[in-house]
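Asker: So here's final.txt, just compact mmCIF, C-alpha atoms:
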```
# COMPACT_ATOMS: atom_id res chain seq x y z
CA MET C 1 11.34 15.61 -31.07
CA SER C 2 13.20 15.39 -27.76
CA MET C 3 13.79 18.70 -25.98
CA GLY C 4 16.07 17.25 -23.32
CA ARG C 5 16.80 14.24 -21.19
CA LEU C 6 15.72 12.63 -17.95
CA LEU C 7 18.25 10.61 -15.97
CA ILE C 8 16.88 7.88 -13.71
CA GLY C 9 18.18 4.92 -11.72
CA ASN C 10 16.93 1.33 -11.56
CA ARG C 11 13.16 1.16 -11.82
CA ARG C 12 13.20 -1.72 -9.37
CA TYR C 13 14.74 0.30 -6.53
CA SER C 14 14.87 4.04 -7.25
CA SER C 15 11.93 5.67 -5.52
CA TRP C 16 13.07 9.18 -6.38
CA SER C 17 13.45 8.25 -10.04
CA LEU C 18 9.87 6.98 -10.05
CA ARG C 19 8.65 10.34 -8.74
CA GLY C 20 10.56 12.36 -11.31
CA TRP C 21 9.60 10.08 -14.18
CA LEU C 22 5.92 10.19 -13.31
CA LEU C 23 5.96 13.98 -13.12
CA VAL C 24 7.72 14.33 -16.46
CA ARG C 25 5.34 11.90 -18.14
CA LEU C 26 2.26 13.53 -16.59
CA ALA C 27 3.45 16.90 -17.88
CA GLY C 28 3.98 15.50 -21.36
CA LEU C 29 7.58 16.70 -21.58
CA GLU C 30 9.46 15.41 -24.60
CA VAL C 31 12.71 14.00 -23.24
CA THR C 32 15.06 11.11 -23.82
CA GLU C 33 15.20 8.75 -20.84
CA THR C 34 18.62 7.55 -19.72
CA LEU C 35 18.92 4.90 -17.01
CA ILE C 36 22.17 4.73 -15.05
CA PRO C 37 22.28 1.49 -13.02
CA LEU C 38 22.76 2.03 -9.32
CA SER C 39 25.45 0.30 -7.27
CA GLU C 40 26.06 -0.27 -3.58
CA GLY C 41 27.37 3.30 -3.33
CA ALA C 42 27.85 6.44 -5.39
CA THR C 43 28.89 5.84 -8.98
CA GLN C 44 31.21 7.86 -11.14
CA ALA C 45 28.68 7.72 -13.95
CA LEU C 46 26.12 9.55 -11.81
CA ALA C 47 28.69 12.02 -10.53
CA ASP C 48 29.68 12.84 -14.09
CA ALA C 49 26.11 13.11 -15.38
CA THR C 50 24.26 15.12 -12.70
CA PRO C 51 25.01 18.17 -10.52
CA THR C 52 24.49 16.22 -7.28
CA GLY C 53 25.42 12.69 -8.29
CA LEU C 54 21.79 11.71 -7.69
CA VAL C 55 18.70 10.90 -9.73
CA PRO C 56 16.29 12.03 -11.03
CA TYR C 57 17.85 14.79 -13.05
CA LEU C 58 16.01 16.64 -15.80
CA GLU C 59 17.30 18.81 -18.62
CA HIS C 60 14.53 20.35 -20.71
CA ASP C 61 14.46 23.25 -23.18
CA GLY C 62 17.55 24.85 -21.63
CA ALA C 63 16.51 24.28 -18.00
CA ARG C 64 18.43 22.02 -15.63
CA ILE C 65 16.30 20.68 -12.75
CA TRP C 66 17.16 18.34 -9.91
CA GLU C 67 15.29 17.39 -6.72
CA SER C 68 11.83 15.90 -7.13
CA LEU C 69 9.90 18.89 -5.79
CA SER C 70 11.65 21.19 -8.24
CA ILE C 71 10.76 18.79 -11.04
CA ALA C 72 7.16 18.79 -9.77
CA GLU C 73 6.94 22.56 -9.97
CA TYR C 74 8.59 22.65 -13.38
CA ALA C 75 6.23 19.94 -14.65
CA ALA C 76 3.25 21.90 -13.29
CA GLU C 77 4.31 24.94 -15.30
CA HIS C 78 3.64 22.80 -18.38
CA ASN C 79 0.57 21.08 -16.92
CA PRO C 80 -0.99 23.19 -14.14
CA ALA C 81 -3.56 20.44 -13.48
CA LEU C 82 -0.84 18.50 -11.66
CA TRP C 83 -1.74 20.61 -8.60
CA PRO C 84 -5.38 21.09 -7.49
CA ALA C 85 -7.17 24.07 -9.01
CA ASP C 86 -8.53 25.17 -5.62
CA ARG C 87 -6.10 27.46 -3.76
CA VAL C 88 -6.55 25.81 -0.36
CA ALA C 89 -6.30 22.28 -1.74
CA ARG C 90 -3.26 23.30 -3.77
CA ALA C 91 -1.51 24.60 -0.65
CA HIS C 92 -2.35 21.36 1.14
CA ALA C 93 -1.04 19.25 -1.75
CA ARG C 94 2.23 21.14 -1.77
CA SER C 95 2.56 20.78 1.99
CA ILE C 96 2.07 17.03 2.07
CA SER C 97 4.40 16.63 -0.91
CA ALA C 98 7.09 18.60 0.91
CA GLU C 99 6.54 16.49 4.03
CA MET C 100 6.99 13.37 1.91
CA HIS C 101 10.13 14.80 0.35
CA ALA C 102 11.76 15.61 3.68
CA GLY C 103 10.34 13.05 6.10
CA PHE C 104 9.55 9.42 6.86
CA ARG C 105 13.19 8.43 7.26
CA ALA C 106 12.36 5.34 9.33
CA LEU C 107 10.06 4.00 6.62
CA ARG C 108 12.63 4.65 3.91
CA GLN C 109 15.38 2.83 5.78
CA ALA C 110 13.41 -0.16 7.05
CA MET C 111 11.35 -0.69 3.90
CA PRO C 112 13.52 0.14 0.87
CA MET C 113 11.66 0.06 -2.42
CA ASN C 114 11.83 -3.20 -4.35
CA LEU C 115 9.05 -3.54 -6.89
CA CYS C 116 9.73 -7.18 -7.75
CA ARG C 117 9.81 -8.82 -4.33
CA SER C 118 7.41 -9.46 -1.45
CA PHE C 119 8.54 -9.05 2.15
CA PRO C 120 5.32 -9.18 4.21
CA GLY C 121 5.74 -8.40 7.88
CA ARG C 122 9.25 -6.98 7.68
CA GLY C 123 10.35 -3.60 8.95
CA ARG C 124 7.66 -3.06 11.58
CA THR C 125 9.67 -0.97 14.03
CA PRO C 126 7.82 1.49 16.29
CA GLU C 127 9.24 4.36 14.25
CA VAL C 128 8.04 2.83 10.98
CA LEU C 129 4.58 2.21 12.41
CA ALA C 130 4.47 5.87 13.43
CA ASP C 131 5.41 6.89 9.87
CA ILE C 132 2.69 4.63 8.45
CA ALA C 133 0.10 6.10 10.80
CA ARG C 134 1.10 9.63 9.79
CA ILE C 135 0.84 8.77 6.10
CA GLU C 136 -2.63 7.30 6.57
CA THR C 137 -3.64 10.49 8.37
CA ILE C 138 -2.29 12.62 5.52
CA TRP C 139 -4.22 10.63 2.96
CA SER C 140 -7.43 10.84 4.98
CA GLU C 141 -7.23 14.63 5.32
CA THR C 142 -7.24 15.55 1.62
CA GLY C 143 -11.02 15.47 1.49
CA SER C 144 -10.96 13.57 -1.78
CA GLU C 145 -13.79 11.33 -2.92
CA GLY C 146 -11.15 9.40 -4.86
CA PRO C 147 -9.71 7.53 -6.38
CA PHE C 148 -6.64 9.76 -5.99
CA LEU C 149 -5.57 12.21 -3.30
CA TYR C 150 -7.31 15.21 -4.84
CA GLY C 151 -10.02 13.66 -6.94
CA ALA C 152 -10.32 11.81 -10.20
CA ASN C 153 -6.92 12.70 -11.65
CA PHE C 154 -3.49 11.39 -10.70
CA GLY C 155 -1.48 14.52 -9.80
CA ALA C 156 1.82 15.71 -8.40
CA ALA C 157 1.00 14.68 -4.83
CA ASP C 158 0.14 11.18 -6.02
CA ALA C 159 3.47 11.01 -7.84
CA MET C 160 5.26 11.96 -4.64
CA PHE C 161 3.49 9.20 -2.70
CA ALA C 162 3.64 6.50 -5.41
CA PRO C 163 6.85 4.95 -3.99
CA VAL C 164 5.21 4.83 -0.55
CA VAL C 165 2.36 2.86 -2.11
CA ALA C 166 4.95 0.53 -3.64
CA ARG C 167 6.55 -0.01 -0.24
CA PHE C 168 3.19 -0.72 1.39
CA LEU C 169 2.46 -3.33 -1.27
CA THR C 170 5.90 -4.97 -1.10
CA TYR C 171 5.88 -5.20 2.69
CA GLY C 172 2.23 -6.16 3.03
CA VAL C 173 1.37 -3.23 5.30
CA GLU C 174 -2.04 -3.51 6.92
CA LEU C 175 -4.05 -0.41 6.03
CA SER C 176 -7.51 1.02 6.51
CA GLU C 177 -9.98 0.36 3.72
CA PRO C 178 -9.69 3.88 2.23
CA ALA C 179 -5.87 3.73 2.28
CA ALA C 180 -5.86 0.26 0.74
CA SER C 181 -8.24 1.44 -2.00
CA TYR C 182 -5.96 4.38 -2.72
CA CYS C 183 -2.95 2.05 -3.00
CA ALA C 184 -4.87 -0.14 -5.43
CA ALA C 185 -5.78 2.88 -7.57
CA VAL C 186 -2.18 4.08 -7.70
CA ARG C 187 -0.85 0.63 -8.58
CA ALA C 188 -3.43 0.31 -11.37
CA HIS C 189 -2.58 3.66 -12.96
CA PRO C 190 -1.19 3.03 -16.47
CA LEU C 191 2.03 4.96 -15.86
CA VAL C 192 2.73 3.21 -12.56
CA ASP C 193 2.03 -0.13 -14.20
CA GLU C 194 4.40 0.78 -17.06
CA TRP C 195 7.14 1.51 -14.52
CA TYR C 196 6.52 -1.83 -12.76
CA ARG C 197 6.75 -3.68 -16.07
CA GLY C 198 10.02 -1.94 -16.83
CA ALA C 199 11.37 -2.93 -13.42
CA ALA C 200 10.53 -6.59 -14.07
CA GLU C 201 12.49 -6.48 -17.34
CA GLU C 202 15.74 -5.17 -15.85
CA PRO C 203 18.71 -7.55 -16.15
CA ALA C 204 19.84 -9.72 -13.26
CA ALA C 205 23.22 -7.98 -13.37
CA TRP C 206 21.56 -4.88 -11.93
CA LEU C 207 20.31 -6.62 -8.78
CA LEU C 208 21.66 -5.24 -5.50
CA GLU C 209 22.01 -7.71 -2.65
CA LYS C 210 21.24 -5.17 0.07
CA TYR C 211 17.75 -4.64 -1.38
CA GLU C 212 17.11 -8.28 -2.23
CA THR C 213 17.86 -9.80 1.17
```
Go ahead and express the file in the form of structure tokens.

Answerer:
Amino acid sequence: MSMGRLLIGNRRYSSWSLRGWLLVRLAGLEVTETLIPLSEGATQALADATPTGLVPYLEHDGARIWESLSIAEYAAEHNPALWPADRVARAHARSISAEMHAGFRALRQAMPMNLCRSFPGRGRTPEVLADIARIETIWSETGSEGPFLYGANFGAADAMFAPVVARFLTYGVELSEPAASYCAAVRAHPLVDEWYRGAAEEPAAWLLEKYET
């Protein structure tokens, strides 16, 4: 029985929706999923449905949660294993997730998420290359033996970086062997693959030219 709802945007483009959806699914929250197609700008449907006019937005068991990090913490209340059990590793995971949430603007702008296209070689500005280098450093410093950032299980930090992985794959970013292996593991995760399959099934009417060209 559904205890709430999760509002998301296009699976093809909405990186923040992917984060929120992964976190909700990993926590096992029973919600109804509602997709509101994005447009070239803000939509009245989103403004009417969410406090900020943005997705993801979660309502669950009386709680109203927006912003991906807030959803991550709420999801972890239901499934504490989303963060590492070790105190130091848990602090590190929260720090890199917050850095992801607030940073890497150049990467976001030059390499918008599009799960169904391939744009190898595009977007390689100096600022983007600096973002990529920083992300590779972050991944290398978790101390994980893999396949995910903090061990064998896909957790909250992996959910936060899943859209980055998608961008690296779409734009054919050259990565170190450990980073490339991590990207492959994320892409192969059943939930990530489910999201990709949903993106491929979206109608042509939802395509946005600014992300396709």

Asker: Determine the nearest neighbour of Glu73 (chain C) from the options C:Ala204, C:Val24, C:Leu38, C:Ala89, counting all atoms listed in the file.

Answerer: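 Selected residue with least distance to Glu73 (chain C): C:Val24.
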
Asker: For the point (3.6, 2.3, -4.7) in the file's frame, write as a compact mmCIF listing (two decimals) with C-alpha atoms, keeping the file's coordinate frame all residues with an atom no more than 12 Å away, counting all atoms listed in the file.

Answerer:
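And here is the file that came out, result-v2.txt:
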```
# COMPACT_ATOMS: atom_id res chain seq x y z
CA ARG C 11 13.16 1.16 -11.82
CA ARG C 12 13.20 -1.72 -9.37
CA TYR C 13 14.74 0.30 -6.53
CA SER C 14 14.87 4.04 -7.25
CA SER C 15 11.93 5.67 -5.52
CA TRP C 16 13.07 9.18 -6.38
CA LEU C 18 9.87 6.98 -10.05
CA ARG C 19 8.65 10.34 -8.74
CA LEU C 22 5.92 10.19 -13.31
CA MET C 111 11.35 -0.69 3.90
CA PRO C 112 13.52 0.14 0.87
CA MET C 113 11.66 0.06 -2.42
CA ASN C 114 11.83 -3.20 -4.35
CA LEU C 115 9.05 -3.54 -6.89
CA CYS C 116 9.73 -7.18 -7.75
CA ASP C 158 0.14 11.18 -6.02
CA ALA C 159 3.47 11.01 -7.84
CA MET C 160 5.26 11.96 -4.64
CA PHE C 161 3.49 9.20 -2.70
CA ALA C 162 3.64 6.50 -5.41
CA PRO C 163 6.85 4.95 -3.99
CA VAL C 164 5.21 4.83 -0.55
CA VAL C 165 2.36 2.86 -2.11
CA ALA C 166 4.95 0.53 -3.64
CA ARG C 167 6.55 -0.01 -0.24
CA PHE C 168 3.19 -0.72 1.39
CA LEU C 169 2.46 -3.33 -1.27
CA THR C 170 5.90 -4.97 -1.10
CA TYR C 171 5.88 -5.20 2.69
CA GLY C 172 2.23 -6.16 3.03
CA VAL C 173 1.37 -3.23 5.30
CA ALA C 179 -5.87 3.73 2.28
CA ALA C 180 -5.86 0.26 0.74
CA TYR C 182 -5.96 4.38 -2.72
CA CYS C 183 -2.95 2.05 -3.00
CA ALA C 184 -4.87 -0.14 -5.43
CA ALA C 185 -5.78 2.88 -7.57
CA VAL C 186 -2.18 4.08 -7.70
CA ARG C 187 -0.85 0.63 -8.58
CA ALA C 188 -3.43 0.31 -11.37
CA HIS C 189 -2.58 3.66 -12.96
CA LEU C 191 2.03 4.96 -15.86
CA VAL C 192 2.73 3.21 -12.56
CA ASP C 193 2.03 -0.13 -14.20
CA TRP C 195 7.14 1.51 -14.52
CA TYR C 196 6.52 -1.83 -12.76
```

Asker: With all atoms listed in the file as the atoms that count, which of C:Met3, C:Glu145, C:Asn10, C:Ser17 lies nearest to Leu29 (chain C)?

Answerer: C:Met3

Asker: How big is the axis-aligned box, and where does its centre sit, when it encloses all atoms of region 179-198 of chain C listed in the file and has 8 Å added on every side, reported in Å to one decimal as JSON?

Answerer:
```
{"center_x": 0.9, "center_y": 0.6, "center_z": -7.4, "size_x": 34.3, "size_y": 24.6, "size_z": 35.3}
```

Asker: Applying 9 Å and only C-alpha atoms, which residues near Ile36 (chain C) remain after dropping the ones on its own chain fewer than 4 positions away? List them as number ranges by chain.

Answerer: C: 7-10, 45-46, 55

Asker: What's around Ala63 (chain C) at 12 Å? Count all atoms listed in the file, leave out sequence neighbours fewer than 4 positions away in its own chain, and write the answer as a list in words.

Answerer: Met3, Gly4, Arg5, Leu6, Tyr57, Leu58, Glu59, Ser70, Ile71, Tyr74 and Ala75 of chain C

Asker: Would you list the contacts of region 123-130 of chain C as a VMD selection string, taking every protein, DNA or RNA residue within 9 Å and counting all atoms listed in the file, but skipping same-chain residues closer than 5 positions in sequence?

Answerer: chain C and resid 104 to 111 135 171 173

Asker: For Ser144 (chain C), please output as a PyMOL selection string all residues within 12 Å (counting only C-alpha atoms; exclusion window: fewer than 3 positions along the same chain).

Answerer: chain C and resi 84+89+92-93+138-141+147-154+178-179+182

Asker: Could you name the residues that touch Arg94 (chain C) at 10 Å or less, counting all atoms listed in the file, but leaving out those on the same chain fewer than 6 positions away, as a PyMOL selection string?

Answerer: chain C and resi 69+72-73+83-84+100+156-157

Asker: My list of candidates is C:Ala133, C:Leu175, C:Leu23, C:Ala200. Which is closest to Glu77 (chain C) when distances are computed with all atoms listed in the file?

Answerer: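 Residue with the minimum atom-to-atom distance to Glu77 (chain C): C:Leu23.
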
Asker: Which one of C:Thr50, C:Leu26, C:Asp86, C:Arg117 sits closest to Ala199 (chain C) if you count only C-alpha atoms?

Answerer: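 Of C:Thr50, C:Leu26, C:Asp86, C:Arg117, the one nearest Ala199 (chain C), counting only C-alpha atoms, is C:Arg117.
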
Asker: I'd like the interatomic distance between CA of Arg64 (chain C) and CA of Ser95 (chain C), to a tenth of an Å.

Answerer: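 That distance, rounded to one decimal, is 23.7 Å.
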
Asker: At what distance in Å, to one decimal, does CA of Trp21 (chain C) lie from CA of Glu33 (chain C)?

Answerer: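 Separation of CA of Glu33 (chain C) and CA of Trp21 (chain C): 8.8 Å.
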
Asker: State, in Å with one decimal place, the distance from CA of Gly53 (chain C) to CA of Thr213 (chain C).

Answerer: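 Distance reported for this atom pair: 25.5 Å.
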
Asker: I need the residue nearest Trp66 (chain C) from this list: C:Ser97, C:Gly20, C:Gly103, C:Glu177. Use all atoms listed in the file for the distance.

Answerer: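 Going through C:Ser97, C:Gly20, C:Gly103, C:Glu177 one by one, the smallest distance to Trp66 (chain C) is for C:Gly20.
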
Asker: Could you tell me which of C:Gly28, C:Gly121, C:Gly146, C:Pro203 comes closest to Ser181 (chain C) if we count only C-alpha atoms?

Answerer: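 For Ser181 (chain C), the nearest of the given residues is C:Gly146.
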